[in-house]
Amino acid sequence: MKLPKARELVEAVKALIVGPYTSKFPKKPHTPYPSFRGQPKYDPEKCVGCLACELVCPVEAIGHSDKTNGKESKRIMYHYTDTCIFCGSCEQACIADNEGIKLSNDWELAFFDRSQAFETIEKELQLCELCGDVIACKDHLNWISERIGERTYSSPTLYYSRMASLGVIDENIISALRDHGRSDRIKILCARCRRDTTLTTR
Ligand code: SF4
Ligand code: SF4
């Protein structure tokens, strides 16, 4: 029979006095260290829906879908918790001062149904007032406008979307006339419609 080493005997006696080294999980909840890199979480208030995080994610753990049914135009951002490798690239790339998505210390990732292993947030979309194509999320347009300050006036789309978000202009009035000509320039337009209405001779 192999006898225990002196170090092992010391550890065994210590464990008898101070208790076991392991925790009683799951009876007792586990609290990770503050610097633990757990699954990233969106902050719906700070995220502007720019998709930079989706672009940089190395494992495609972030996705989105745009729903443009009538008045309900929204972007749904997905974070797939079963694919994420907690690398933190999304947080690093986040244009909202790295606070739109942040690594948390949430480590509990067990699911009974793997198809449910995702989290979502929703952002309101701005559509082109002529063709209905997606321009960007409204919060993203406001974010750009805040960054460039008075240069917002050089872009009618930024300017009008800013005014609309402040409730200064009535969307019904600016959308009333649709002649795909000069009068349509005073609208929130995608790049293609902006070009078409600017180059038209009507
Ligand atoms: S932590 Fe890394 S893997 Fe996970 S969503 Fe962010 S970029 Fe993708
Ligand atoms: S604001 Fe940040 S979290 Fe939101 S979509 Fe852009 S990069 Fe992702």
# chains A, B, ... in the order shown; residues from 1 in each chain; ligands from 1
$ residues_near_ligand --ligand "ligand 1" --cutoff "7 Å" --atoms "only C-alpha atoms and all ligand atoms" --output "PDB file with N, CA, C and O atoms, in the first residue's frame"
ATOM      1  N   GLN A  39     -20.890  35.678 -20.458  1.00  0.00           N
ATOM      2  CA  GLN A  39     -21.544  35.983 -21.723  1.00  0.00           C
ATOM      3  C   GLN A  39     -21.874  37.472 -21.863  1.00  0.00           C
ATOM      4  O   GLN A  39     -22.254  38.122 -20.891  1.00  0.00           O
ATOM      5  N   PRO A  40     -21.690  38.004 -23.075  1.00  0.00           N
ATOM      6  CA  PRO A  40     -21.984  39.421 -23.290  1.00  0.00           C
ATOM      7  C   PRO A  40     -23.489  39.696 -23.213  1.00  0.00           C
ATOM      8  O   PRO A  40     -24.288  38.837 -23.571  1.00  0.00           O
ATOM      9  N   CYS A  53     -20.842  45.179 -33.989  1.00  0.00           N
ATOM     10  CA  CYS A  53     -20.536  43.978 -33.202  1.00  0.00           C
ATOM     11  C   CYS A  53     -20.757  42.717 -34.033  1.00  0.00           C
ATOM     12  O   CYS A  53     -19.981  41.761 -33.947  1.00  0.00           O
ATOM     13  N   VAL A  56     -17.744  42.167 -36.430  1.00  0.00           N
ATOM     14  CA  VAL A  56     -16.452  41.726 -35.896  1.00  0.00           C
ATOM     15  C   VAL A  56     -16.510  40.359 -35.201  1.00  0.00           C
ATOM     16  O   VAL A  56     -15.457  39.771 -34.938  1.00  0.00           O
ATOM     17  N   CYS A  57     -17.690  39.872 -34.904  1.00  0.00           N
ATOM     18  CA  CYS A  57     -17.774  38.608 -34.157  1.00  0.00           C
ATOM     19  C   CYS A  57     -17.120  37.476 -34.961  1.00  0.00           C
ATOM     20  O   CYS A  57     -17.538  37.195 -36.086  1.00  0.00           O
ATOM     21  N   PRO A  58     -16.116  36.819 -34.419  1.00  0.00           N
ATOM     22  CA  PRO A  58     -15.378  35.814 -35.191  1.00  0.00           C
ATOM     23  C   PRO A  58     -16.131  34.503 -35.398  1.00  0.00           C
ATOM     24  O   PRO A  58     -15.730  33.698 -36.238  1.00  0.00           O
ATOM     25  N   VAL A  59     -17.209  34.275 -34.630  1.00  0.00           N
ATOM     26  CA  VAL A  59     -17.901  32.981 -34.735  1.00  0.00           C
ATOM     27  C   VAL A  59     -19.375  33.128 -35.128  1.00  0.00           C
ATOM     28  O   VAL A  59     -20.160  32.194 -34.981  1.00  0.00           O
ATOM     29  N   GLU A  60     -19.740  34.324 -35.604  1.00  0.00           N
ATOM     30  CA  GLU A  60     -21.135  34.594 -36.014  1.00  0.00           C
ATOM     31  C   GLU A  60     -22.134  34.317 -34.892  1.00  0.00           C
ATOM     32  O   GLU A  60     -23.182  33.710 -35.098  1.00  0.00           O
ATOM     33  N   ALA A  61     -21.753  34.745 -33.692  1.00  0.00           N
ATOM     34  CA  ALA A  61     -22.652  34.578 -32.550  1.00  0.00           C
ATOM     35  C   ALA A  61     -23.639  35.736 -32.444  1.00  0.00           C
ATOM     36  O   ALA A  61     -24.478  35.754 -31.555  1.00  0.00           O
ATOM     37  N   ILE A  62     -23.496  36.718 -33.345  1.00  0.00           N
ATOM     38  CA  ILE A  62     -24.425  37.856 -33.349  1.00  0.00           C
ATOM     39  C   ILE A  62     -25.069  37.928 -34.725  1.00  0.00           C
ATOM     40  O   ILE A  62     -24.397  37.763 -35.747  1.00  0.00           O
ATOM     41  N   HIS A  79     -28.173  37.559 -29.946  1.00  0.00           N
ATOM     42  CA  HIS A  79     -26.890  37.050 -29.457  1.00  0.00           C
ATOM     43  C   HIS A  79     -27.085  35.578 -29.124  1.00  0.00           C
ATOM     44  O   HIS A  79     -27.916  35.223 -28.280  1.00  0.00           O
ATOM     45  N   THR A  83     -23.076  29.763 -29.160  1.00  0.00           N
ATOM     46  CA  THR A  83     -22.013  29.892 -30.161  1.00  0.00           C
ATOM     47  C   THR A  83     -20.886  30.802 -29.664  1.00  0.00           C
ATOM     48  O   THR A  83     -19.736  30.645 -30.053  1.00  0.00           O
ATOM     49  N   CYS A  84     -21.244  31.733 -28.798  1.00  0.00           N
ATOM     50  CA  CYS A  84     -20.302  32.752 -28.314  1.00  0.00           C
ATOM     51  C   CYS A  84     -19.095  32.117 -27.610  1.00  0.00           C
ATOM     52  O   CYS A  84     -19.243  31.138 -26.878  1.00  0.00           O
ATOM     53  N   ILE A  85     -17.910  32.693 -27.862  1.00  0.00           N
ATOM     54  CA  ILE A  85     -16.691  32.198 -27.205  1.00  0.00           C
ATOM     55  C   ILE A  85     -16.159  33.225 -26.187  1.00  0.00           C
ATOM     56  O   ILE A  85     -15.030  33.123 -25.718  1.00  0.00           O
ATOM     57  N   PHE A  86     -16.974  34.250 -25.904  1.00  0.00           N
ATOM     58  CA  PHE A  86     -16.649  35.258 -24.873  1.00  0.00           C
ATOM     59  C   PHE A  86     -15.308  35.951 -25.124  1.00  0.00           C
ATOM     60  O   PHE A  86     -14.549  36.196 -24.190  1.00  0.00           O
ATOM     61  N   CYS A  87     -15.042  36.245 -26.380  1.00  0.00           N
ATOM     62  CA  CYS A  87     -13.751  36.871 -26.720  1.00  0.00           C
ATOM     63  C   CYS A  87     -13.739  38.365 -26.431  1.00  0.00           C
ATOM     64  O   CYS A  87     -12.687  38.971 -26.274  1.00  0.00           O
ATOM     65  N   GLY A  88     -14.929  38.991 -26.381  1.00  0.00           N
ATOM     66  CA  GLY A  88     -15.000  40.421 -26.059  1.00  0.00           C
ATOM     67  C   GLY A  88     -14.804  41.342 -27.252  1.00  0.00           C
ATOM     68  O   GLY A  88     -14.793  42.561 -27.083  1.00  0.00           O
ATOM     69  N   SER A  89     -14.666  40.796 -28.466  1.00  0.00           N
ATOM     70  CA  SER A  89     -14.459  41.656 -29.645  1.00  0.00           C
ATOM     71  C   SER A  89     -15.650  42.581 -29.872  1.00  0.00           C
ATOM     72  O   SER A  89     -15.491  43.712 -30.312  1.00  0.00           O
ATOM     73  N   CYS A  90     -16.864  42.084 -29.570  1.00  0.00           N
ATOM     74  CA  CYS A  90     -18.066  42.909 -29.776  1.00  0.00           C
ATOM     75  C   CYS A  90     -18.011  44.142 -28.873  1.00  0.00           C
ATOM     76  O   CYS A  90     -18.288  45.259 -29.317  1.00  0.00           O
ATOM     77  N   GLU A  91     -17.632  43.936 -27.627  1.00  0.00           N
ATOM     78  CA  GLU A  91     -17.547  45.070 -26.693  1.00  0.00           C
ATOM     79  C   GLU A  91     -16.486  46.063 -27.154  1.00  0.00           C
ATOM     80  O   GLU A  91     -16.692  47.273 -27.123  1.00  0.00           O
ATOM     81  N   LEU A 103     -19.307  42.291 -21.856  1.00  0.00           N
ATOM     82  CA  LEU A 103     -19.148  40.990 -21.205  1.00  0.00           C
ATOM     83  C   LEU A 103     -19.675  41.108 -19.775  1.00  0.00           C
ATOM     84  O   LEU A 103     -19.384  42.078 -19.092  1.00  0.00           O
TER      85      LEU A 103
END
$ residues_near_ligand --ligand "ligand 2" --cutoff "9 Å" --atoms "only C-alpha atoms and all ligand atoms" --output "MDAnalysis selection string"
chainID A and resid 41:44 46:56 62 77 90:102 140
$ select_by_dssp --residues "region 80-197 of chain A" --states "strand (DSSP E)" --output "JSON, numbers by chain"
{"A": [80, 101, 102, 103, 118, 119, 120, 121, 122, 123, 124, 125, 126, 127, 134, 135, 136, 137]}
$ write_last_selection --atoms "all heavy atoms" --output "CSV table (one decimal), in the first residue's frame"
chain,number,residue,atom,x,y,z
A,80,TYR,N,-26.3,34.7,-29.8
A,80,TYR,CA,-26.5,33.3,-29.7
A,80,TYR,C,-25.5,32.8,-28.6
A,80,TYR,O,-24.3,32.7,-28.8
A,80,TYR,CB,-26.2,32.5,-31.0
A,80,TYR,CG,-27.2,32.9,-32.0
A,80,TYR,CD1,-26.9,33.9,-33.0
A,80,TYR,CD2,-28.5,32.4,-32.0
A,80,TYR,CE1,-27.9,34.3,-34.0
A,80,TYR,CE2,-29.5,32.8,-33.0
A,80,TYR,CZ,-29.1,33.7,-33.9
A,80,TYR,OH,-30.1,34.1,-34.9
A,101,ILE,N,-22.9,46.6,-25.8
A,101,ILE,CA,-22.8,45.2,-25.5
A,101,ILE,C,-21.6,45.0,-24.6
A,101,ILE,O,-20.5,45.6,-24.9
A,101,ILE,CB,-22.8,44.3,-26.7
A,101,ILE,CG1,-23.0,42.8,-26.3
A,101,ILE,CG2,-21.6,44.5,-27.6
A,101,ILE,CD1,-23.3,41.9,-27.5
A,102,LYS,N,-21.7,44.3,-23.5
A,102,LYS,CA,-20.6,44.2,-22.6
A,102,LYS,C,-20.5,42.8,-22.0
A,102,LYS,O,-21.6,42.2,-21.8
A,102,LYS,CB,-20.8,45.1,-21.4
A,102,LYS,CG,-20.3,46.5,-21.6
A,102,LYS,CD,-20.5,47.4,-20.4
A,102,LYS,CE,-19.2,47.5,-19.6
A,102,LYS,NZ,-18.1,48.1,-20.3
A,103,LEU,N,-19.3,42.3,-21.9
A,103,LEU,CA,-19.1,41.0,-21.2
A,103,LEU,C,-19.7,41.1,-19.8
A,103,LEU,O,-19.4,42.1,-19.1
A,103,LEU,CB,-17.7,40.6,-21.2
A,103,LEU,CG,-17.0,40.2,-22.5
A,103,LEU,CD1,-15.5,39.9,-22.3
A,103,LEU,CD2,-17.7,39.1,-23.2
A,118,PHE,N,-30.6,32.0,-27.1
A,118,PHE,CA,-30.2,33.3,-27.6
A,118,PHE,C,-31.0,34.4,-26.9
A,118,PHE,O,-32.0,34.1,-26.2
A,118,PHE,CB,-30.5,33.4,-29.1
A,118,PHE,CG,-32.0,33.3,-29.4
A,118,PHE,CD1,-32.8,34.4,-29.4
A,118,PHE,CD2,-32.6,32.0,-29.7
A,118,PHE,CE1,-34.2,34.3,-29.7
A,118,PHE,CE2,-33.9,31.9,-30.0
A,118,PHE,CZ,-34.7,33.1,-30.0
A,119,GLU,N,-30.4,35.6,-27.0
A,119,GLU,CA,-31.1,36.7,-26.3
A,119,GLU,C,-31.3,37.8,-27.4
A,119,GLU,O,-30.5,37.8,-28.4
A,119,GLU,CB,-30.2,37.3,-25.2
A,119,GLU,CG,-30.1,36.3,-24.0
A,119,GLU,CD,-29.4,36.9,-22.8
A,119,GLU,OE1,-28.6,37.9,-23.0
A,119,GLU,OE2,-29.6,36.4,-21.7
A,120,THR,N,-32.3,38.6,-27.3
A,120,THR,CA,-32.6,39.6,-28.3
A,120,THR,C,-32.8,41.0,-27.7
A,120,THR,O,-33.2,41.1,-26.5
A,120,THR,CB,-33.8,39.3,-29.1
A,120,THR,OG1,-34.9,39.2,-28.2
A,120,THR,CG2,-33.7,37.9,-29.8
A,121,ILE,N,-32.6,42.0,-28.5
A,121,ILE,CA,-33.1,43.3,-28.2
A,121,ILE,C,-33.7,43.9,-29.5
A,121,ILE,O,-33.3,43.4,-30.6
A,121,ILE,CB,-32.0,44.3,-27.7
A,121,ILE,CG1,-30.8,44.5,-28.7
A,121,ILE,CG2,-31.5,43.9,-26.3
A,121,ILE,CD1,-30.0,45.7,-28.4
A,122,GLU,N,-34.5,44.9,-29.4
A,122,GLU,CA,-35.1,45.5,-30.6
A,122,GLU,C,-34.8,47.0,-30.7
A,122,GLU,O,-34.8,47.7,-29.7
A,122,GLU,CB,-36.7,45.3,-30.5
A,122,GLU,CG,-37.1,43.9,-30.6
A,122,GLU,CD,-38.6,43.7,-30.6
A,122,GLU,OE1,-39.3,44.7,-30.5
A,122,GLU,OE2,-39.0,42.5,-30.6
A,123,LYS,N,-34.6,47.4,-31.9
A,123,LYS,CA,-34.3,48.9,-32.2
A,123,LYS,C,-35.2,49.3,-33.3
A,123,LYS,O,-35.5,48.6,-34.2
A,123,LYS,CB,-32.9,49.1,-32.6
A,123,LYS,CG,-31.8,48.6,-31.6
A,123,LYS,CD,-31.8,49.2,-30.3
A,123,LYS,CE,-31.6,50.7,-30.2
A,123,LYS,NZ,-31.7,51.2,-28.8
A,124,GLU,N,-35.7,50.6,-33.1
A,124,GLU,CA,-36.6,51.1,-34.2
A,124,GLU,C,-35.9,51.5,-35.4
A,124,GLU,O,-34.8,52.1,-35.3
A,124,GLU,CB,-37.3,52.3,-33.6
A,124,GLU,CG,-38.7,52.5,-34.1
A,124,GLU,CD,-39.4,53.8,-33.6
A,124,GLU,OE1,-39.1,54.2,-32.5
A,124,GLU,OE2,-40.2,54.3,-34.3
A,125,LEU,N,-36.4,51.1,-36.6
A,125,LEU,CA,-35.7,51.4,-37.9
A,125,LEU,C,-36.3,52.7,-38.5
A,125,LEU,O,-37.4,53.0,-38.4
A,125,LEU,CB,-36.0,50.3,-38.8
A,125,LEU,CG,-35.1,49.0,-38.7
A,125,LEU,CD1,-35.6,48.0,-39.6
A,125,LEU,CD2,-33.6,49.3,-38.9
A,126,GLN,N,-35.4,53.4,-39.2
A,126,GLN,CA,-35.8,54.5,-40.0
A,126,GLN,C,-35.8,54.0,-41.5
A,126,GLN,O,-34.8,53.5,-42.0
A,126,GLN,CB,-34.8,55.7,-39.9
A,126,GLN,CG,-35.1,56.8,-40.8
A,126,GLN,CD,-36.4,57.5,-40.5
A,126,GLN,OE1,-36.6,58.0,-39.4
A,126,GLN,NE2,-37.4,57.5,-41.4
A,127,LEU,N,-37.0,54.1,-42.1
A,127,LEU,CA,-37.1,53.7,-43.5
A,127,LEU,C,-37.1,54.9,-44.4
A,127,LEU,O,-37.4,56.0,-44.0
A,127,LEU,CB,-38.4,53.0,-43.7
A,127,LEU,CG,-38.7,51.8,-42.8
A,127,LEU,CD1,-40.0,51.1,-43.2
A,127,LEU,CD2,-37.6,50.8,-42.9
A,134,VAL,N,-34.6,50.2,-45.8
A,134,VAL,CA,-34.0,50.5,-44.5
A,134,VAL,C,-32.8,51.5,-44.7
A,134,VAL,O,-32.0,51.2,-45.5
A,134,VAL,CB,-33.5,49.2,-43.8
A,134,VAL,CG1,-32.7,49.5,-42.5
A,134,VAL,CG2,-34.7,48.3,-43.5
A,135,ILE,N,-32.8,52.6,-43.9
A,135,ILE,CA,-31.7,53.5,-43.9
A,135,ILE,C,-30.7,53.1,-42.8
A,135,ILE,O,-29.6,52.8,-43.0
A,135,ILE,CB,-32.1,54.9,-43.8
A,135,ILE,CG1,-33.0,55.3,-44.9
A,135,ILE,CG2,-30.9,55.9,-43.7
A,135,ILE,CD1,-33.6,56.7,-44.8
A,136,ALA,N,-31.3,53.1,-41.6
A,136,ALA,CA,-30.5,52.7,-40.4
A,136,ALA,C,-31.4,52.7,-39.2
A,136,ALA,O,-32.6,53.0,-39.4
A,136,ALA,CB,-29.4,53.7,-40.1
A,137,CYS,N,-30.9,52.4,-38.0
A,137,CYS,CA,-31.8,52.5,-36.8
A,137,CYS,C,-31.9,54.0,-36.5
A,137,CYS,O,-30.9,54.7,-36.7
A,137,CYS,CB,-31.2,51.7,-35.7
A,137,CYS,SG,-31.3,50.0,-35.8
$ atom_distance --atom1 "CA of Gly63 (chain A)" --atom2 "CA of Ile76 (chain A)"
8.4 Å
$ select_by_dssp --residues "chain A" --states "helix (DSSP H, G or I)" --output "PyMOL selection string"
chain A and resi 6-18+52-56+89-93+114-116+138-154+156-165+171-174+182-185+191-199
$ closest_atom_pairs --of "region 54-154 of chain A" --to "region 158-168 of chain A" --cutoff "10 Å" --atoms "only C-alpha atoms" --output "Markdown table"
| residue | atom | partner | partner_atom | distance |
| --- | --- | --- | --- | --- |
| A:Gln126 | CA | A:Ser161 | CA | 8.1 |
| A:Lys138 | CA | A:Ser161 | CA | 7.5 |
| A:Asp139 | CA | A:Ser165 | CA | 9.0 |
| A:Leu141 | CA | A:Leu158 | CA | 6.3 |
| A:Asn142 | CA | A:Arg162 | CA | 6.1 |
| A:Trp143 | CA | A:Arg162 | CA | 9.7 |
| A:Ile144 | CA | A:Leu158 | CA | 8.0 |
| A:Ser145 | CA | A:Leu158 | CA | 6.4 |
| A:Glu146 | CA | A:Arg162 | CA | 9.4 |
| A:Glu150 | CA | A:Tyr159 | CA | 9.6 |
| A:Arg151 | CA | A:Tyr159 | CA | 9.2 |
| A:Thr152 | CA | A:Tyr159 | CA | 5.6 |
| A:Tyr153 | CA | A:Tyr159 | CA | 5.6 |
| A:Ser154 | CA | A:Tyr159 | CA | 7.8 |
$ write_last_selection --atoms "N, CA and C atoms" --output "PDB file, in the first residue's frame"
ATOM      1  N   GLN A 126     -35.366  53.393 -39.197  1.00  0.00           N
ATOM      2  CA  GLN A 126     -35.787  54.510 -40.049  1.00  0.00           C
ATOM      3  C   GLN A 126     -35.822  54.008 -41.488  1.00  0.00           C
ATOM      4  N   LYS A 138     -33.033  54.391 -35.948  1.00  0.00           N
ATOM      5  CA  LYS A 138     -33.222  55.807 -35.608  1.00  0.00           C
ATOM      6  C   LYS A 138     -32.168  56.277 -34.606  1.00  0.00           C
ATOM      7  N   ASP A 139     -31.867  55.429 -33.644  1.00  0.00           N
ATOM      8  CA  ASP A 139     -30.863  55.797 -32.630  1.00  0.00           C
ATOM      9  C   ASP A 139     -29.486  55.966 -33.265  1.00  0.00           C
ATOM     10  N   LEU A 141     -28.896  57.070 -36.367  1.00  0.00           N
ATOM     11  CA  LEU A 141     -28.887  58.375 -37.052  1.00  0.00           C
ATOM     12  C   LEU A 141     -28.690  59.492 -36.035  1.00  0.00           C
ATOM     13  N   ASN A 142     -29.365  59.373 -34.885  1.00  0.00           N
ATOM     14  CA  ASN A 142     -29.188  60.389 -33.841  1.00  0.00           C
ATOM     15  C   ASN A 142     -27.763  60.390 -33.303  1.00  0.00           C
ATOM     16  N   TRP A 143     -27.195  59.178 -33.192  1.00  0.00           N
ATOM     17  CA  TRP A 143     -25.809  59.047 -32.695  1.00  0.00           C
ATOM     18  C   TRP A 143     -24.852  59.779 -33.643  1.00  0.00           C
ATOM     19  N   ILE A 144     -25.049  59.590 -34.956  1.00  0.00           N
ATOM     20  CA  ILE A 144     -24.191  60.270 -35.945  1.00  0.00           C
ATOM     21  C   ILE A 144     -24.369  61.783 -35.822  1.00  0.00           C
ATOM     22  N   SER A 145     -25.633  62.189 -35.736  1.00  0.00           N
ATOM     23  CA  SER A 145     -25.932  63.621 -35.652  1.00  0.00           C
ATOM     24  C   SER A 145     -25.259  64.255 -34.429  1.00  0.00           C
ATOM     25  N   GLU A 146     -25.300  63.550 -33.297  1.00  0.00           N
ATOM     26  CA  GLU A 146     -24.655  64.081 -32.089  1.00  0.00           C
ATOM     27  C   GLU A 146     -23.147  64.174 -32.261  1.00  0.00           C
ATOM     28  N   GLU A 150     -23.011  70.470 -35.733  1.00  0.00           N
ATOM     29  CA  GLU A 150     -23.707  71.343 -36.695  1.00  0.00           C
ATOM     30  C   GLU A 150     -23.584  70.864 -38.136  1.00  0.00           C
ATOM     31  N   ARG A 151     -22.647  69.949 -38.413  1.00  0.00           N
ATOM     32  CA  ARG A 151     -22.525  69.423 -39.787  1.00  0.00           C
ATOM     33  C   ARG A 151     -23.735  68.547 -40.158  1.00  0.00           C
ATOM     34  N   THR A 152     -24.573  68.245 -39.160  1.00  0.00           N
ATOM     35  CA  THR A 152     -25.832  67.536 -39.423  1.00  0.00           C
ATOM     36  C   THR A 152     -26.653  68.276 -40.489  1.00  0.00           C
ATOM     37  N   TYR A 153     -26.539  69.628 -40.506  1.00  0.00           N
ATOM     38  CA  TYR A 153     -27.333  70.426 -41.456  1.00  0.00           C
ATOM     39  C   TYR A 153     -26.932  70.171 -42.906  1.00  0.00           C
ATOM     40  N   SER A 154     -25.766  69.569 -43.123  1.00  0.00           N
ATOM     41  CA  SER A 154     -25.327  69.302 -44.501  1.00  0.00           C
ATOM     42  C   SER A 154     -25.990  68.042 -45.068  1.00  0.00           C
TER      43      SER A 154
END
$ residues_around --residues "region 191-195 of chain A" --least-positions-apart "4" --cutoff "12 Å" --atoms "only C-alpha atoms" --output "PyMOL selection string"
chain A and resi 127-136+155-158+178-187+199-200
$ write_last_selection --atoms "C-alpha atoms" --output "mmCIF file, in the first residue's frame"
data_model
loop_
_atom_site.group_PDB
_atom_site.id
_atom_site.type_symbol
_atom_site.label_atom_id
_atom_site.label_comp_id
_atom_site.auth_asym_id
_atom_site.auth_seq_id
_atom_site.Cartn_x
_atom_site.Cartn_y
_atom_site.Cartn_z
ATOM 1 C CA LEU A 127 -37.117 53.718 -43.524
ATOM 2 C CA CYS A 128 -36.716 55.766 -46.681
ATOM 3 C CA GLU A 129 -39.865 57.865 -47.051
ATOM 4 C CA LEU A 130 -39.917 57.228 -50.802
ATOM 5 C CA CYS A 131 -38.960 53.614 -51.458
ATOM 6 C CA GLY A 132 -39.338 52.161 -47.945
ATOM 7 C CA ASP A 133 -35.826 50.677 -47.832
ATOM 8 C CA VAL A 134 -34.025 50.490 -44.493
ATOM 9 C CA ILE A 135 -31.692 53.468 -43.913
ATOM 10 C CA ALA A 136 -30.481 52.689 -40.366
ATOM 11 C CA SER A 155 -27.317 66.037 -44.692
ATOM 12 C CA PRO A 156 -31.091 66.448 -45.166
ATOM 13 C CA THR A 157 -31.703 62.849 -44.057
ATOM 14 C CA LEU A 158 -29.805 63.345 -40.797
ATOM 15 C CA ARG A 178 -44.805 62.224 -53.541
ATOM 16 C CA ASP A 179 -43.715 63.307 -56.993
ATOM 17 C CA HIS A 180 -40.266 61.655 -56.941
ATOM 18 C CA GLY A 181 -38.983 65.086 -57.892
ATOM 19 C CA ARG A 182 -37.637 68.173 -56.194
ATOM 20 C CA SER A 183 -40.354 68.408 -53.555
ATOM 21 C CA ASP A 184 -39.352 64.940 -52.340
ATOM 22 C CA ARG A 185 -35.913 66.195 -51.372
ATOM 23 C CA ILE A 186 -37.388 67.522 -48.149
ATOM 24 C CA LYS A 187 -37.759 63.976 -46.811
ATOM 25 C CA LEU A 199 -30.611 64.730 -60.284
ATOM 26 C CA THR A 200 -34.217 64.986 -61.489
#
$ closest_residue --among "A:Ala15, A:Thr81, A:Ser104, A:Asp113" --to "Tyr33 (chain A)" --atoms "only C-alpha atoms"
A:Ser104
